[in-house]
$ cat my_file-v3.txt   # compact mmCIF, C-alpha atoms
# COMPACT_ATOMS: atom_id res chain seq x y z
CA GLN R 134 7.65 -7.93 -1.43
CA VAL R 135 5.64 -6.17 1.27
CA GLU R 136 3.14 -7.65 3.68
CA LEU R 137 0.54 -5.28 5.09
CA VAL R 138 -1.48 -5.94 8.23
CA GLU R 139 -4.29 -3.62 9.26
CA SER R 140 -5.67 -3.23 12.76
CA GLY R 141 -7.84 -0.84 14.73
CA GLY R 142 -11.24 -1.42 13.21
CA GLY R 143 -14.33 -1.95 15.29
CA LEU R 144 -17.78 -0.71 16.22
CA VAL R 145 -18.23 2.95 17.04
CA GLN R 146 -21.18 5.28 17.44
CA ALA R 147 -21.76 8.03 14.94
CA GLY R 148 -19.60 11.00 15.86
CA GLY R 149 -16.96 8.78 17.39
CA SER R 150 -13.37 8.12 16.39
CA LEU R 151 -11.16 5.24 15.39
CA ARG R 152 -7.51 4.98 14.48
CA LEU R 153 -6.51 2.39 11.93
CA SER R 154 -2.96 1.15 11.68
CA CYS R 155 -1.19 -0.59 8.81
CA ALA R 156 2.02 -2.39 9.74
CA ALA R 157 4.32 -3.22 6.84
CA SER R 158 7.04 -5.82 6.62
CA GLY R 159 10.31 -5.23 4.86
CA ARG R 160 13.00 -2.59 5.03
CA THR R 161 11.92 -0.27 2.24
CA PHE R 162 8.69 1.12 3.66
CA SER R 163 9.71 4.68 2.86
CA SER R 164 9.88 3.82 -0.85
CA TYR R 165 6.14 3.16 -1.04
CA VAL R 166 3.22 5.50 -1.42
CA MET R 167 0.66 4.36 1.13
CA ALA R 168 -3.09 4.62 0.85
CA TRP R 169 -6.34 3.58 2.43
CA PHE R 170 -9.31 2.31 0.47
CA ARG R 171 -12.68 1.12 1.70
CA GLN R 172 -15.37 -1.18 0.44
CA ALA R 173 -18.95 -1.25 1.67
CA PRO R 174 -21.28 -4.17 0.96
CA GLY R 175 -22.46 -4.13 -2.63
CA LYS R 176 -20.14 -1.29 -3.58
CA GLU R 177 -16.82 -1.07 -5.35
CA ARG R 178 -13.60 -0.45 -3.50
CA ALA R 179 -13.15 3.30 -3.10
CA PHE R 180 -10.17 5.53 -2.45
CA VAL R 181 -10.07 7.21 0.96
CA ALA R 182 -6.65 8.81 1.42
CA ALA R 183 -3.03 8.59 0.32
CA ILE R 184 0.30 9.78 1.65
CA SER R 185 3.55 10.28 -0.18
CA TRP R 186 6.84 8.56 0.56
CA SER R 187 8.09 11.00 3.18
CA GLY R 188 4.66 12.03 4.34
CA GLY R 189 4.99 15.51 2.94
CA SER R 190 1.95 15.21 0.70
CA THR R 191 -1.49 13.82 1.39
CA TYR R 192 -4.72 13.57 -0.55
CA TYR R 193 -8.27 12.71 0.54
CA ARG R 194 -11.59 11.94 -1.01
CA ASP R 195 -13.91 14.89 -0.57
CA SER R 196 -16.28 13.17 1.85
CA VAL R 197 -13.59 12.61 4.49
CA LYS R 198 -11.69 15.88 4.24
CA GLY R 199 -11.49 17.58 7.61
CA ARG R 200 -12.49 14.38 9.43
CA PHE R 201 -9.81 11.83 8.49
CA THR R 202 -6.05 12.20 8.71
CA ILE R 203 -3.55 9.89 7.06
CA SER R 204 -0.03 9.73 8.45
CA ARG R 205 2.99 7.47 8.44
CA ASP R 206 5.96 6.67 10.62
CA ASN R 207 8.73 5.36 8.39
CA ALA R 208 10.85 4.39 11.38
CA LYS R 209 8.06 2.07 12.53
CA ASN R 210 7.04 0.88 9.05
CA THR R 211 3.48 1.89 9.85
CA ALA R 212 0.78 3.98 8.25
CA TYR R 213 -2.24 5.32 10.09
CA LEU R 214 -5.71 6.60 9.40
CA GLN R 215 -7.23 8.71 12.15
CA MET R 216 -10.97 8.86 11.63
CA ASN R 217 -13.00 11.43 13.55
CA SER R 218 -16.66 12.43 13.43
CA LEU R 219 -17.54 9.08 11.92
CA LYS R 220 -20.77 8.73 10.03
CA PRO R 221 -22.81 5.63 9.15
CA ASP R 222 -21.73 6.12 5.53
CA ASP R 223 -18.13 5.54 6.61
CA ALA R 224 -18.90 1.95 7.54
CA ALA R 225 -16.91 -0.44 5.36
CA VAL R 226 -13.96 -2.78 5.27
CA TYR R 227 -10.88 -0.58 5.19
CA TYR R 228 -7.83 -1.72 3.25
CA CYS R 229 -4.29 -0.51 3.41
CA ALA R 230 -2.37 -0.43 0.13
CA ALA R 231 1.20 0.23 -0.98
CA ALA R 232 2.51 1.36 -4.35
CA SER R 233 6.13 0.86 -5.31
CA SER R 234 6.11 2.81 -8.56
CA LEU R 235 3.59 5.59 -8.74
CA VAL R 236 3.47 9.14 -9.99
CA TRP R 237 2.06 11.46 -7.35
CA ARG R 238 -0.84 12.85 -9.30
CA GLN R 239 -4.42 12.98 -8.07
CA LEU R 240 -5.78 11.04 -11.03
CA VAL R 241 -3.23 8.30 -10.39
CA ILE R 242 -3.16 7.89 -6.62
CA VAL R 243 -6.92 7.33 -6.36
CA LYS R 244 -6.84 4.24 -8.58
CA ALA R 245 -6.75 0.87 -6.85
CA GLU R 246 -4.97 -0.72 -9.79
CA GLU R 247 -1.95 1.52 -9.18
CA TYR R 248 -1.21 -0.25 -5.88
CA ASP R 249 0.89 -3.39 -5.73
CA TYR R 250 0.26 -4.68 -2.22
CA TRP R 251 -2.86 -4.93 -0.09
CA GLY R 252 -3.72 -5.84 3.45
CA GLN R 253 -6.51 -8.20 4.45
CA GLY R 254 -8.80 -5.39 5.56
CA THR R 255 -10.30 -4.30 8.85
CA GLN R 256 -14.01 -3.80 9.47
CA VAL R 257 -15.33 -0.42 10.57
CA THR R 258 -18.93 -0.33 11.73
CA VAL R 259 -20.66 2.93 12.62
CA SER R 260 -23.94 2.83 14.49
CA SER R 261 -26.42 5.67 14.14

$ encode --input "my_file-v3.txt" --output "structure tokens"
Amino acid sequence: QVELVESGGGLVQAGGSLRLSCAASGRTFSSYVMAWFRQAPGKERAFVAAISWSGGSTYYRDSVKGRFTISRDNAKNTAYLQMNSLKPDDAAVYYCAAASSLVWRQLVIVKAEEYDYWGQGTQVTVSS
């Protein structure tokens, strides 16, 4: 069992930056693939980025490539999402997710149903 707690959301102007954190409970953090999803009002939850167990592999949705960076610190049981050059379209509730048994393939890691544990979400608002 893993409990995930996100933090770092807030209000930022377009072009600004935020860093989201996802703190995980438990002693097996390094055995989980970690990901960030987001959900805007009236829209389905969408994949943002994922990072492999050791952090050696990452994957991003096209619209955030070059602007967002996912990372993890297994010693601190924490995953991060650094978001730069934020746009109004990035505004959403951002969720951290963990997968205990997942094949690292692009078609798999982007699916919300592949993840076993979810945080409560943190709101990101981007003003234009």

$ closest_atom_pairs --input "my_file-v3.txt" --of "segment 171-256 of chain R" --to "segment 145-152 of chain R" --cutoff "10 Å" --atoms "only C-alpha atoms" --output "Markdown table"
| residue | atom | partner | partner_atom | distance |
| --- | --- | --- | --- | --- |
| R:Arg200 | CA | R:Ser150 | CA | 9.4 |
| R:Phe201 | CA | R:Arg152 | CA | 9.4 |
| R:Thr202 | CA | R:Arg152 | CA | 9.4 |
| R:Ile203 | CA | R:Arg152 | CA | 9.7 |
| R:Tyr213 | CA | R:Arg152 | CA | 6.9 |
| R:Leu214 | CA | R:Arg152 | CA | 5.6 |
| R:Gln215 | CA | R:Arg152 | CA | 4.4 |
| R:Met216 | CA | R:Leu151 | CA | 5.2 |
| R:Asn217 | CA | R:Ser150 | CA | 4.4 |
| R:Ser218 | CA | R:Gly148 | CA | 4.1 |
| R:Leu219 | CA | R:Gly148 | CA | 4.8 |
| R:Lys220 | CA | R:Ala147 | CA | 5.1 |
| R:Pro221 | CA | R:Ala147 | CA | 6.4 |
| R:Asp222 | CA | R:Ala147 | CA | 9.6 |
| R:Asp223 | CA | R:Ala147 | CA | 9.4 |
| R:Ala224 | CA | R:Val145 | CA | 9.6 |

$ atom_distance --input "my_file-v3.txt" --atom1 "atom CA of Ala245 of chain R" --atom2 "atom CA of Ser190 of chain R"
18.4 Å

$ closest_residue --input "my_file-v3.txt" --among "R:Leu153, R:Ile242, R:Ile184, R:Ala230" --to "Asn207 of chain R" --atoms "all atoms listed in the file"
R:Ile184

$ residues_around --input "my_file-v3.txt" --residues "Leu137 of chain R" --least-positions-apart "4" --cutoff "8 Å" --atoms "only C-alpha atoms" --output "compact mmCIF listing (two decimals) with C-alpha atoms, in the frame of the given file"
# COMPACT_ATOMS: atom_id res chain seq x y z
CA CYS R 155 -1.19 -0.59 8.81
CA ALA R 156 2.02 -2.39 9.74
CA ALA R 157 4.32 -3.22 6.84
CA SER R 158 7.04 -5.82 6.62
CA CYS R 229 -4.29 -0.51 3.41
CA ALA R 230 -2.37 -0.43 0.13
CA TYR R 250 0.26 -4.68 -2.22
CA TRP R 251 -2.86 -4.93 -0.09
CA GLY R 252 -3.72 -5.84 3.45
CA GLN R 253 -6.51 -8.20 4.45

$ closest_residue --input "my_file-v3.txt" --among "R:Val241, R:Val135, R:Ser163, R:Leu235" --to "Ser187 of chain R" --atoms "only C-alpha atoms"
R:Ser163

$ atom_distance --input "my_file-v3.txt" --atom1 "atom CA of Ala225 of chain R" --atom2 "atom CA of Leu144 of chain R"
10.9 Å

$ residues_around --input "my_file-v3.txt" --residues "Tyr193 of chain R" --least-positions-apart "3" --cutoff "6 Å" --atoms "all atoms listed in the file" --output "ChimeraX atom specification"
/R:181-182,198

$ write_last_selection --input "my_file-v3.txt" --atoms "C-alpha atoms" --output "JSON list (two decimals), keeping the file's coordinate frame"
[["chain", "number", "residue", "atom", "x", "y", "z"],
["R", 181, "VAL", "CA", -10.07, 7.21, 0.96],
["R", 182, "ALA", "CA", -6.65, 8.81, 1.42],
["R", 198, "LYS", "CA", -11.69, 15.88, 4.24]]

$ atom_distance --input "my_file-v3.txt" --atom1 "atom CA of Gly159 of chain R" --atom2 "atom CA of Tyr192 of chain R"
24.7 Å

$ axis_aligned_box --input "my_file-v3.txt" --around "segment 237-244 of chain R" --padding-each-side "3 Å" --output "AutoDock Vina command-line options"
--center_x -2.4 --center_y 8.6 --center_z -8.7 --size_x 15.0 --size_y 14.7 --size_z 10.7

$ decode --input "my_file-v3.txt" --residues "segment 136-151 of chain R" --atoms "all heavy atoms" --output "PDB file, in the first residue's frame"
ATOM      1  N   GLU R 136       0.673   5.585  -0.006  1.00  0.00           N
ATOM      2  CA  GLU R 136      -0.103   6.818   0.083  1.00  0.00           C
ATOM      3  C   GLU R 136       0.698   7.926  -0.586  1.00  0.00           C
ATOM      4  O   GLU R 136       1.885   8.104  -0.302  1.00  0.00           O
ATOM      5  CB  GLU R 136      -0.394   7.181   1.534  1.00  0.00           C
ATOM      6  CG  GLU R 136      -1.242   8.444   1.687  1.00  0.00           C
ATOM      7  CD  GLU R 136      -1.559   8.769   3.126  1.00  0.00           C
ATOM      8  OE1 GLU R 136      -1.204   7.965   4.012  1.00  0.00           O
ATOM      9  OE2 GLU R 136      -2.154   9.840   3.379  1.00  0.00           O
ATOM     10  N   LEU R 137       0.029   8.666  -1.464  1.00  0.00           N
ATOM     11  CA  LEU R 137       0.681   9.732  -2.215  1.00  0.00           C
ATOM     12  C   LEU R 137       0.077  11.073  -1.832  1.00  0.00           C
ATOM     13  O   LEU R 137      -1.150  11.222  -1.800  1.00  0.00           O
ATOM     14  CB  LEU R 137       0.505   9.499  -3.719  1.00  0.00           C
ATOM     15  CG  LEU R 137       0.993   8.158  -4.259  1.00  0.00           C
ATOM     16  CD1 LEU R 137       0.638   8.021  -5.739  1.00  0.00           C
ATOM     17  CD2 LEU R 137       2.482   7.996  -4.057  1.00  0.00           C
ATOM     18  N   VAL R 138       0.934  12.046  -1.578  1.00  0.00           N
ATOM     19  CA  VAL R 138       0.471  13.376  -1.200  1.00  0.00           C
ATOM     20  C   VAL R 138       1.172  14.406  -2.073  1.00  0.00           C
ATOM     21  O   VAL R 138       2.409  14.540  -2.015  1.00  0.00           O
ATOM     22  CB  VAL R 138       0.745  13.673   0.290  1.00  0.00           C
ATOM     23  CG1 VAL R 138       0.276  15.076   0.636  1.00  0.00           C
ATOM     24  CG2 VAL R 138       0.065  12.633   1.171  1.00  0.00           C
ATOM     25  N   GLU R 139       0.382  15.110  -2.878  1.00  0.00           N
ATOM     26  CA  GLU R 139       0.936  16.137  -3.747  1.00  0.00           C
ATOM     27  C   GLU R 139       0.979  17.489  -3.038  1.00  0.00           C
ATOM     28  O   GLU R 139       0.182  17.766  -2.137  1.00  0.00           O
ATOM     29  CB  GLU R 139       0.104  16.305  -5.023  1.00  0.00           C
ATOM     30  CG  GLU R 139      -0.048  15.058  -5.871  1.00  0.00           C
ATOM     31  CD  GLU R 139      -1.368  14.372  -5.643  1.00  0.00           C
ATOM     32  OE1 GLU R 139      -1.911  14.514  -4.528  1.00  0.00           O
ATOM     33  OE2 GLU R 139      -1.868  13.703  -6.563  1.00  0.00           O
ATOM     34  N   SER R 140       1.888  18.320  -3.489  1.00  0.00           N
ATOM     35  CA  SER R 140       1.975  19.696  -3.009  1.00  0.00           C
ATOM     36  C   SER R 140       2.652  20.540  -4.085  1.00  0.00           C
ATOM     37  O   SER R 140       3.223  19.997  -5.033  1.00  0.00           O
ATOM     38  CB  SER R 140       2.762  19.767  -1.694  1.00  0.00           C
ATOM     39  OG  SER R 140       4.089  19.317  -1.884  1.00  0.00           O
ATOM     40  N   GLY R 141       2.567  21.852  -3.922  1.00  0.00           N
ATOM     41  CA  GLY R 141       3.264  22.746  -4.827  1.00  0.00           C
ATOM     42  C   GLY R 141       2.404  23.455  -5.850  1.00  0.00           C
ATOM     43  O   GLY R 141       2.899  24.295  -6.598  1.00  0.00           O
ATOM     44  N   GLY R 142       1.127  23.112  -5.891  1.00  0.00           N
ATOM     45  CA  GLY R 142       0.254  23.802  -6.831  1.00  0.00           C
ATOM     46  C   GLY R 142      -0.004  25.238  -6.397  1.00  0.00           C
ATOM     47  O   GLY R 142       0.376  25.650  -5.302  1.00  0.00           O
ATOM     48  N   GLY R 143      -0.637  25.991  -7.286  1.00  0.00           N
ATOM     49  CA  GLY R 143      -0.946  27.375  -6.951  1.00  0.00           C
ATOM     50  C   GLY R 143      -1.304  28.173  -8.176  1.00  0.00           C
ATOM     51  O   GLY R 143      -1.557  27.613  -9.249  1.00  0.00           O
ATOM     52  N   LEU R 144      -1.312  29.484  -8.007  1.00  0.00           N
ATOM     53  CA  LEU R 144      -1.636  30.412  -9.086  1.00  0.00           C
ATOM     54  C   LEU R 144      -0.349  31.023  -9.624  1.00  0.00           C
ATOM     55  O   LEU R 144       0.487  31.504  -8.850  1.00  0.00           O
ATOM     56  CB  LEU R 144      -2.565  31.504  -8.565  1.00  0.00           C
ATOM     57  CG  LEU R 144      -2.852  32.681  -9.499  1.00  0.00           C
ATOM     58  CD1 LEU R 144      -3.603  32.208 -10.740  1.00  0.00           C
ATOM     59  CD2 LEU R 144      -3.647  33.759  -8.766  1.00  0.00           C
ATOM     60  N   VAL R 145      -0.200  31.003 -10.921  1.00  0.00           N
ATOM     61  CA  VAL R 145       0.997  31.544 -11.544  1.00  0.00           C
ATOM     62  C   VAL R 145       0.600  32.251 -12.841  1.00  0.00           C
ATOM     63  O   VAL R 145      -0.383  31.860 -13.484  1.00  0.00           O
ATOM     64  CB  VAL R 145       2.037  30.431 -11.807  1.00  0.00           C
ATOM     65  CG1 VAL R 145       1.520  29.413 -12.801  1.00  0.00           C
ATOM     66  CG2 VAL R 145       3.368  31.015 -12.240  1.00  0.00           C
ATOM     67  N   GLN R 146       1.347  33.257 -13.215  1.00  0.00           N
ATOM     68  CA  GLN R 146       1.096  33.923 -14.480  1.00  0.00           C
ATOM     69  C   GLN R 146       1.647  33.093 -15.630  1.00  0.00           C
ATOM     70  O   GLN R 146       2.590  32.304 -15.451  1.00  0.00           O
ATOM     71  CB  GLN R 146       1.754  35.305 -14.485  1.00  0.00           C
ATOM     72  CG  GLN R 146       1.068  36.328 -13.603  1.00  0.00           C
ATOM     73  CD  GLN R 146       1.645  37.728 -13.791  1.00  0.00           C
ATOM     74  OE1 GLN R 146       2.795  37.891 -14.171  1.00  0.00           O
ATOM     75  NE2 GLN R 146       0.834  38.732 -13.504  1.00  0.00           N
ATOM     76  N   ALA R 147       1.060  33.270 -16.776  1.00  0.00           N
ATOM     77  CA  ALA R 147       1.560  32.593 -17.970  1.00  0.00           C
ATOM     78  C   ALA R 147       3.035  32.913 -18.148  1.00  0.00           C
ATOM     79  O   ALA R 147       3.452  34.068 -17.996  1.00  0.00           O
ATOM     80  CB  ALA R 147       0.764  33.015 -19.197  1.00  0.00           C
ATOM     81  N   GLY R 148       3.807  31.886 -18.471  1.00  0.00           N
ATOM     82  CA  GLY R 148       5.249  32.041 -18.595  1.00  0.00           C
ATOM     83  C   GLY R 148       6.004  31.721 -17.322  1.00  0.00           C
ATOM     84  O   GLY R 148       7.239  31.607 -17.340  1.00  0.00           O
ATOM     85  N   GLY R 149       5.276  31.593 -16.234  1.00  0.00           N
ATOM     86  CA  GLY R 149       5.897  31.311 -14.951  1.00  0.00           C
ATOM     87  C   GLY R 149       6.179  29.838 -14.739  1.00  0.00           C
ATOM     88  O   GLY R 149       5.973  29.006 -15.630  1.00  0.00           O
ATOM     89  N   SER R 150       6.649  29.535 -13.529  1.00  0.00           N
ATOM     90  CA  SER R 150       7.047  28.165 -13.196  1.00  0.00           C
ATOM     91  C   SER R 150       6.453  27.728 -11.870  1.00  0.00           C
ATOM     92  O   SER R 150       6.195  28.551 -10.991  1.00  0.00           O
ATOM     93  CB  SER R 150       8.581  28.060 -13.093  1.00  0.00           C
ATOM     94  OG  SER R 150       9.199  28.390 -14.319  1.00  0.00           O
ATOM     95  N   LEU R 151       6.253  26.416 -11.768  1.00  0.00           N
ATOM     96  CA  LEU R 151       5.868  25.779 -10.520  1.00  0.00           C
ATOM     97  C   LEU R 151       6.580  24.446 -10.428  1.00  0.00           C
ATOM     98  O   LEU R 151       6.879  23.825 -11.453  1.00  0.00           O
ATOM     99  CB  LEU R 151       4.355  25.534 -10.455  1.00  0.00           C
ATOM    100  CG  LEU R 151       3.442  26.713 -10.146  1.00  0.00           C
ATOM    101  CD1 LEU R 151       1.984  26.265 -10.272  1.00  0.00           C
ATOM    102  CD2 LEU R 151       3.699  27.277  -8.768  1.00  0.00           C
TER     103      LEU R 151
END
